[in-house]
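Heads up: the structure comes next, in structure tokens.
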Amino acid sequence: MKSVIDASATLYLLSTEDAHDAFERLRPIAPSLMWSEATSVINERRWRGELDSAIASALLDALLGAAIERHEAVDLYRSATDVAHRLGWAKVYDAQYVAMAEASDLPLVTIDHRLRRGASRLVTVLTPDEALA
């Protein structure tokens, strides 16, 4: 099943033993923003002492090597702005995932409760576990 995946779901899956299989089954796509967000989370957790440097480095390597198709489209920014407006969001970061899912007619995979609540008004939203069931 092809899907759009956000940073929260990506990091969740990377922390599982079956990450490679999960990415193969989900065939995820993501806006380039996802890598920036996920890298930021990894670095923040390392900075806070929640991850040691070796684990953070391994997690970053896994992220960069994950089978996720990167989509960079200029029209995504305009679509994300429209989605943010329709959902009443001031920022367009999360709206990029929703806009991509909406334009591609694909489910959005996330564990972000706020994103799920808003996005479900426009697209199908699944947790990684639901998507893999």
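Going by the structure tokens order, chains are called A, B, ..., each with residues numbered from 1, while ligands are numbered from 1 in the order shown.
Residues in contact range of Leu14 of chain A, defined as at most 9 Å between only C-alpha atoms, with sequence neighbours fewer than 6 positions away removed, read His20, Leu59, Ala62, Leu63 and Ala66 of chain A.
Residues in contact range of Thr110 of chain A, defined as at most 7 Å between only C-alpha atoms, with sequence neighbours fewer than 2 positions away removed, read Ile5, Asp6, Ser8, Ala9, Leu108, Asp112, Arg116, Leu126, Thr127 and Pro128 of chain A.
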Go ahead and write the selection's residues with C-alpha atoms as a PDB file, in the first residue's frame.
ATOM      1  CA  ILE A   5       4.479   9.321   5.877  1.00  0.00           C
ATOM      2  CA  ASP A   6       5.392  12.059   8.337  1.00  0.00           C
ATOM      3  CA  SER A   8       6.732  10.966  13.668  1.00  0.00           C
ATOM      4  CA  ALA A   9       5.729   7.741  11.917  1.00  0.00           C
ATOM      5  CA  LEU A 108      -1.361   9.723   5.644  1.00  0.00           C
ATOM      6  CA  ASP A 112       0.991  12.795  15.752  1.00  0.00           C
ATOM      7  CA  ARG A 116      -4.348  13.111  12.852  1.00  0.00           C
ATOM      8  CA  LEU A 126      -3.613   5.807   9.850  1.00  0.00           C
ATOM      9  CA  THR A 127      -1.077   4.966  12.517  1.00  0.00           C
ATOM     10  CA  PRO A 128       1.829   2.830  11.309  1.00  0.00           C
TER      11      PRO A 128
END
So which residues of segment 49-122 of chain A fall under alpha helix (DSSP H) by DSSP, listed as number ranges by chain? A: 53-65, 74-87, 93-104, 113-119
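Proximity to Met34 of chain A at 12 Å, evaluated using only C-alpha atoms and with sequence-adjacent residues fewer than 4 positions away removed, yields Val4, Ile5, Asp6, Ala7, Ser8, Ala9, Thr10, Leu11, Pro28, Ile29, Ala30, Ala38, Thr39, Ser40, Val41, Leu63, Leu64, Ile68, Glu69, Arg70, His71, Glu72, Tyr93, Asp94, Ala95, Gln96, Tyr97, Met100 and Thr110 of chain A.
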Pick out the residues sitting within 12 Å of segment 130-133 of chain A, and hand them over as a VMD selection string; count only C-alpha atoms, and ignore anything fewer than 3 positions along from it in its own chain. chain A and resid 1 to 5 9 13 18 to 19 21 to 28 106 to 111 124 to 127
Please write the residues from the selection above to a file, keeping C-alpha atoms, as a compact mmCIF listing (two decimals), in the first residue's frame.
# COMPACT_ATOMS: atom_id res chain seq x y z
CA MET A 1 0.00 0.00 0.00
CA LYS A 2 1.52 3.32 -1.02
CA SER A 3 1.22 6.06 1.62
CA VAL A 4 2.41 9.49 2.70
CA ILE A 5 4.48 9.32 5.88
CA ALA A 9 5.73 7.74 11.92
CA LEU A 13 9.12 2.70 12.38
CA ASP A 18 11.00 -4.76 11.27
CA ALA A 19 11.67 -1.26 9.91
CA ASP A 21 9.91 -4.69 5.98
CA ALA A 22 7.54 -1.95 7.16
CA PHE A 23 8.92 0.58 4.67
CA GLU A 24 8.72 -2.01 1.89
CA ARG A 25 5.07 -2.68 2.68
CA LEU A 26 4.05 0.97 3.12
CA ARG A 27 5.97 2.21 0.03
CA PRO A 28 5.99 5.67 1.65
CA LEU A 106 -3.12 8.24 -0.46
CA PRO A 107 -3.50 7.68 3.28
CA LEU A 108 -1.36 9.72 5.64
CA VAL A 109 0.60 7.66 8.18
CA THR A 110 1.38 9.47 11.45
CA ILE A 111 1.44 9.05 15.22
CA THR A 124 -7.57 9.01 5.51
CA VAL A 125 -5.15 8.98 8.43
CA LEU A 126 -3.61 5.81 9.85
CA THR A 127 -1.08 4.97 12.52
Among chain A, which ones does DSSP place in strand (DSSP E or B), written as a PyMOL selection string? chain A and resi 3-5+28-31+69-71+108-109+125-126
Store the residues picked out above, limited to C-alpha atoms, as a PDB file, in the first residue's frame.
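Final output, part-v9.pdb:
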ATOM      1  CA  SER A   3       1.219   6.064   1.619  1.00  0.00           C
ATOM      2  CA  VAL A   4       2.406   9.489   2.700  1.00  0.00           C
ATOM      3  CA  ILE A   5       4.479   9.321   5.877  1.00  0.00           C
ATOM      4  CA  PRO A  28       5.994   5.670   1.645  1.00  0.00           C
ATOM      5  CA  ILE A  29       6.445   9.030   0.007  1.00  0.00           C
ATOM      6  CA  ALA A  30       7.135  12.267   1.859  1.00  0.00           C
ATOM      7  CA  PRO A  31       7.840  15.925   1.230  1.00  0.00           C
ATOM      8  CA  GLU A  69      10.431   8.366  -1.851  1.00  0.00           C
ATOM      9  CA  ARG A  70      11.236  12.063  -1.586  1.00  0.00           C
ATOM     10  CA  HIS A  71       8.851  14.445  -3.347  1.00  0.00           C
ATOM     11  CA  LEU A 108      -1.361   9.723   5.644  1.00  0.00           C
ATOM     12  CA  VAL A 109       0.601   7.664   8.180  1.00  0.00           C
ATOM     13  CA  VAL A 125      -5.145   8.981   8.431  1.00  0.00           C
ATOM     14  CA  LEU A 126      -3.613   5.807   9.850  1.00  0.00           C
TER      15      LEU A 126
END
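Reported to one decimal place, the separation of atom CA of Gly65 of chain A from atom CA of Glu17 of chain A is 15.2 Å.
Proximity to Ala101 of chain A was assessed for A:Leu33, A:Ile55, A:Leu122, A:Val74 counting only C-alpha atoms; the smallest distance is recorded for A:Leu122.
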